[in-house]
Amino acid sequence: MINIMKGTKDLLPQESYKWAKIEEEIRAVTRLFNIRKIATPTFEHTELFLRGVGDTTDIVNKEMYTFEDKGGRSVTLKPEGTAGVARSYIENSLSALPQPLKMYYETPVFRYERPQAGRLREHHQFGVEIYGADTPEQDVEVMLIAKTLFDRLGITGLELRINSIGCPECRKEYNRALKEYFASREEELCPTCRERLDKNPLRILDCKEEKCAAIAEGAPSVLSYLCDGCRKHHERVKDLLIMSEIPFEEDDKIVRGLDYYTKTVFEFVAGNIGAKATVCGGGRYNNLIEQIGGKPCPAVGFGMGIERLVLTMTAVGASFGEEPSPDVFIANIGASDDAFKLTAQLRNAGIAAECDVMGRSLKSQMKLSDKLGSKFTVVIGEEEIEKGVVKVKNMKTGEENETAIESLADYLSQKKA
Ligand code: ATP
Ligand code: MG
């Protein structure tokens with residue numbers, strides 16, 4: 001027996017309606033905000049994710065699924081959704097489309113992490129990418145997209161945390177201050193953070209080690225190092241959130257797990273889904289497109305873990321809607337061909353119909369109809385076919401009504417409505 005790989009998960013048929021519910025709401029929300037779908041490949045050239053040598057993030061340095069393909073190229077399975085979209089934006093000259101260009105994706109994401117509740121090696125993300133606008137309004141609209149989805153899914157109790165990590169200009173000064181602070185406690189830092197100290201001290205704020213996190217608590221706040229432009233941007237983001245009546249917390253320790261962020265960063269955090277509670281993380285990345293080789297273009301977006309959405313919905317008791325079930329089950333007594341034909345006709349008329357294809361007895365057909373959660377059951381046999389009339393049993397109330405076989409589709413359509 002070959003088992004599933006560690007940190008991966010099957011989406012089973014009895015669970016998939018939960019994902020369908022989320023996908024349905026994603027469809028609705030992206031339509032409301034006029035966002036178009038983009039899909040990029042599952043694997044890309046490794047260089048797309050590994051840009052230069054300055055990157056000290058876990059995602060890029062330790063967690064990537066990188067391998068050589070048969071042509072000797074270095075290939076990496078997407079560790080995040082943004083880089084592929086940015087590449088596609090440049091490669092397909094999407095800057096020629098009306099800006100801001102609003103896109104969303106749904107994609108598997110691969111990270112070699114230590115598996116635990118809510119942390120997988122293959123997970124799935126719904127993400128939004130908006131290119132071309134550098135305004136606080138655009139940042140807040142992006143947060144609103146996530147918030148609208150949470151509301152529609154009935155997810156309550158999420159906390160929005162925001163921060164600004166400034167631009168390369170104000171971060172120079174801040175990095176210096178951070179270096180000074182962490183250098184004074186270098187011995188207490190984990191080995192990885194000691195490395196980060198030189199290359200990218202900001203990363204230490206994102207370390208998951210308890211000890212480093214405790215030291216980071218006392219670090220200087222990025223907010224006191226913002227340049228005028230970044231400070232104004234951040235203040236305006238907060239004003240707009242207040243105006244939009246979206247509650248939030250300012251958290252000057254949020255830096256996010258990837259190196260490309262500038263100015264606004266944010267997270268939606270749940271209190272109750274185990275080890276990791278960030279359901280959605282995002283922010284602005286004004287320098288990414290240029291880094292990949294495009295003309296400078298401001299951008300902002302987020303990534304949301306679908307598995308964590310399911311966990312959160314379950315934890316707060318949100319509804320996934322009804323499990324899918326047939327509108328009608330056409331049972332038969334020695335008339336399997338007629339049942340088969342009638343079922344096909346009903347489906348063509350838009351009725352979700354089922355019939356037996358395994359030669360079951362009537363009794364076991366009735367049992368099956370019940371198990372499938374059919375809303376109605378119809379039995380056809382010689383007599384029904386002769387008279388052209390069937391009994392339609394409402395499975396919930398037990399009530400039975402007669403109708404002509406010819407008008408069965410109409411009858412069921414009416415009941416459905
Ligand atoms: P975390 O702090 O939990 O490690 P992250 O900073 O790595 O999250 P992002 O890279 O911004 O998160 O990914 C966006 C979202 O994808 C997260 O908020 C989370 O919902 C989900 N996610 C990230 N990593 C995993 C994982 N290993 N398993 C399941 N979901 C994940
Ligand atoms: Mg992570």
# chains A, B, ... in the order shown; residues from 1 in each chain; ligands from 1

$ select_by_dssp --residues "region 22-230 of chain A" --states "alpha helix (DSSP H)" --output "VMD selection string"
chain A and resid 22 to 32 46 to 49 58 to 61 82 to 91 136 to 152 168 to 183 191 to 199 210 to 217 228 to 230

$ residues_near_ligand --ligand "ligand 2" --cutoff "12 Å" --atoms "only C-alpha atoms and all ligand atoms" --output "ChimeraX atom specification"
/A:57-64,79-80,109-115,118-121,123,206-208,255-258,275-281,303-305

$ select_by_dssp --residues "region 232-408 of chain A" --states "strand (DSSP E)" --output "MDAnalysis selection string"
chainID A and resid 249:250 262:269 278:284 299:305 328:332 353:355 376:380 389:394 400:404

$ atom_distance --atom1 "CA of Tyr89 (chain A)" --atom2 "CA of Glu122 (chain A)"
25.0 Å

$ atom_distance --atom1 "CA of Cys170 (chain A)" --atom2 "CA of Ser221 (chain A)"
12.4 Å

$ atom_distance --atom1 "CA of Ser319 (chain A)" --atom2 "CA of Tyr17 (chain A)"
11.2 Å

$ residues_around --residues "Gly294 (chain A)" --least-positions-apart "5" --cutoff "12 Å" --atoms "only C-alpha atoms" --output "VMD selection string"
chain A and resid 86 to 95 286 to 289

$ write_last_selection --atoms "C-alpha atoms" --output "PDB file, in the first residue's frame"
ATOM      1  CA  ALA A  86       4.119  39.391 -11.813  1.00  0.00           C
ATOM      2  CA  ARG A  87       6.072  37.445 -14.425  1.00  0.00           C
ATOM      3  CA  SER A  88       2.955  37.031 -16.535  1.00  0.00           C
ATOM      4  CA  TYR A  89       2.097  40.732 -16.205  1.00  0.00           C
ATOM      5  CA  ILE A  90       5.462  41.645 -17.677  1.00  0.00           C
ATOM      6  CA  GLU A  91       5.663  38.863 -20.252  1.00  0.00           C
ATOM      7  CA  ASN A  92       2.183  39.524 -21.626  1.00  0.00           C
ATOM      8  CA  SER A  93       2.387  43.337 -21.472  1.00  0.00           C
ATOM      9  CA  LEU A  94      -0.652  43.451 -19.221  1.00  0.00           C
ATOM     10  CA  SER A  95       0.221  47.066 -18.429  1.00  0.00           C
ATOM     11  CA  ASN A 286       5.929  48.257  -5.351  1.00  0.00           C
ATOM     12  CA  ASN A 287       9.387  47.008  -6.283  1.00  0.00           C
ATOM     13  CA  LEU A 288       8.669  43.421  -7.251  1.00  0.00           C
ATOM     14  CA  ILE A 289       7.852  43.927 -10.928  1.00  0.00           C
TER      15      ILE A 289
END

$ residues_around --residues "Glu217 (chain A)" --least-positions-apart "2" --cutoff "12 Å" --atoms "only C-alpha atoms" --output "short mmCIF file (atom, residue, chain, number, x, y, z; two decimals) with N, CA and C atoms, in the first residue's frame"
data_model
loop_
_atom_site.label_atom_id
_atom_site.label_comp_id
_atom_site.auth_asym_id
_atom_site.auth_seq_id
_atom_site.Cartn_x
_atom_site.Cartn_y
_atom_site.Cartn_z
N LEU A 178 17.64 48.53 13.87
CA LEU A 178 17.37 47.13 14.21
C LEU A 178 18.67 46.37 14.46
N TYR A 181 20.08 47.19 17.75
CA TYR A 181 19.33 46.57 18.84
C TYR A 181 19.62 45.06 18.94
N PHE A 182 19.50 44.36 17.81
CA PHE A 182 19.67 42.90 17.85
C PHE A 182 21.13 42.51 18.11
N ILE A 204 14.20 39.17 11.28
CA ILE A 204 14.21 38.63 12.64
C ILE A 204 12.84 38.84 13.29
N LEU A 205 12.17 39.91 12.90
CA LEU A 205 10.85 40.19 13.47
C LEU A 205 9.84 39.11 13.09
N ASP A 206 10.13 38.35 12.04
CA ASP A 206 9.21 37.32 11.55
C ASP A 206 9.60 35.93 12.02
N CYS A 207 10.64 35.83 12.87
CA CYS A 207 11.12 34.52 13.31
C CYS A 207 10.07 33.84 14.19
N GLU A 210 10.44 31.08 19.72
CA GLU A 210 9.87 31.84 20.84
C GLU A 210 10.86 32.88 21.38
N LYS A 211 12.10 32.43 21.48
CA LYS A 211 13.11 33.30 22.09
C LYS A 211 13.33 34.56 21.24
N CYS A 212 13.44 34.33 19.93
CA CYS A 212 13.65 35.47 19.04
C CYS A 212 12.44 36.41 19.08
N ALA A 213 11.25 35.80 19.09
CA ALA A 213 10.03 36.61 19.13
C ALA A 213 10.02 37.48 20.39
N ALA A 214 10.47 36.91 21.51
CA ALA A 214 10.48 37.67 22.77
C ALA A 214 11.46 38.84 22.67
N ILE A 215 12.60 38.59 22.07
CA ILE A 215 13.59 39.67 21.91
C ILE A 215 13.04 40.74 20.96
N ALA A 219 12.19 45.45 20.18
CA ALA A 219 12.90 46.10 19.08
C ALA A 219 12.28 47.46 18.75
N PRO A 220 13.05 48.36 18.18
CA PRO A 220 12.50 49.65 17.77
C PRO A 220 11.35 49.45 16.79
N SER A 221 10.39 50.38 16.82
CA SER A 221 9.22 50.24 15.97
C SER A 221 9.47 50.87 14.60
N ASP A 251 -0.10 46.77 14.28
CA ASP A 251 0.85 45.84 14.88
C ASP A 251 2.21 46.05 14.20
N ASP A 252 3.09 46.76 14.90
CA ASP A 252 4.35 47.16 14.24
C ASP A 252 5.36 46.03 14.13
N LYS A 253 4.95 44.79 14.50
CA LYS A 253 5.87 43.65 14.37
C LYS A 253 5.54 42.80 13.13
N ILE A 254 4.47 43.14 12.44
CA ILE A 254 4.16 42.37 11.23
C ILE A 254 5.09 42.79 10.11
#

$ closest_residue --among "A:Ile246, A:Cys230, A:Ala146, A:Met358" --to "ligand 1" --atoms "only C-alpha atoms and all ligand atoms"
A:Ala146

$ residues_around --residues "Tyr260 (chain A)" --least-positions-apart "6" --cutoff "12 Å" --atoms "only C-alpha atoms" --output "ChimeraX atom specification"
/A:49-51,54-57,60,80,82-83,86,165-168,203,282-292,298-301

$ write_last_selection --atoms "C-alpha atoms" --output "tab-separated table (two decimals), in the first residue's frame"
chain	number	residue	atom	x	y	z
A	49	PHE	CA	11.42	33.03	-6.82
A	50	LEU	CA	15.09	33.20	-5.93
A	51	ARG	CA	15.85	36.75	-6.96
A	54	GLY	CA	19.84	38.98	-0.49
A	55	ASP	CA	16.78	36.90	0.27
A	56	THR	CA	16.77	35.53	3.80
A	57	THR	CA	13.16	34.40	4.04
A	60	VAL	CA	12.67	31.07	-0.42
A	80	GLU	CA	3.57	31.56	-3.44
A	82	THR	CA	2.45	36.51	-6.59
A	83	ALA	CA	5.71	35.96	-8.47
A	86	ALA	CA	4.12	39.39	-11.81
A	165	ILE	CA	7.27	48.52	6.66
A	166	GLY	CA	8.14	51.62	4.63
A	167	CYS	CA	10.08	51.95	1.42
A	168	PRO	CA	13.76	51.10	0.80
A	203	ARG	CA	13.42	39.27	8.98
A	282	GLY	CA	-0.97	40.58	2.15
A	283	GLY	CA	0.39	43.98	1.43
A	284	ARG	CA	1.97	46.24	-1.10
A	285	TYR	CA	4.96	45.27	-3.27
A	286	ASN	CA	5.93	48.26	-5.35
A	287	ASN	CA	9.39	47.01	-6.28
A	288	LEU	CA	8.67	43.42	-7.25
A	289	ILE	CA	7.85	43.93	-10.93
A	290	GLU	CA	10.99	45.94	-11.47
A	291	GLN	CA	13.01	43.27	-9.65
A	292	ILE	CA	11.71	40.66	-12.06
A	298	PRO	CA	3.05	49.56	-7.98
A	299	ALA	CA	1.11	46.52	-6.82
A	300	VAL	CA	-0.85	45.27	-3.84
A	301	GLY	CA	-2.52	41.98	-2.99

$ closest_residue --among "A:Pro191, A:Gly7, A:Gly218, A:Pro326" --to "ligand 1" --atoms "only C-alpha atoms and all ligand atoms"
A:Gly7

$ residues_around --residues "Phe376 (chain A)" --least-positions-apart "2" --cutoff "6 Å" --atoms "only C-alpha atoms" --output "PyMOL selection string"
chain A and resi 328+374+393-395

$ closest_residue --among "A:Glu129, A:Thr30, A:Phe43, A:Glu406" --to "Lys387 (chain A)" --atoms "only C-alpha atoms"
A:Glu406

$ closest_residue --among "A:Leu309, A:Ile2, A:Val142, A:Val85" --to "ligand 1" --atoms "only C-alpha atoms and all ligand atoms"
A:Leu309

$ residues_around --residues "Ser407 (chain A)" --least-positions-apart "3" --cutoff "12 Å" --atoms "only C-alpha atoms" --output "PyMOL selection string"
chain A and resi 342+345-346+349+388-390+392+402-404+410-414

$ closest_residue --among "A:Ala339, A:Ala270, A:Ile35, A:Leu12" --to "ligand 1" --atoms "only C-alpha atoms and all ligand atoms"
A:Ala270

$ closest_residue --among "A:Met1, A:Leu189, A:Val140, A:Val310" --to "Glu235 (chain A)" --atoms "only C-alpha atoms"
A:Val140
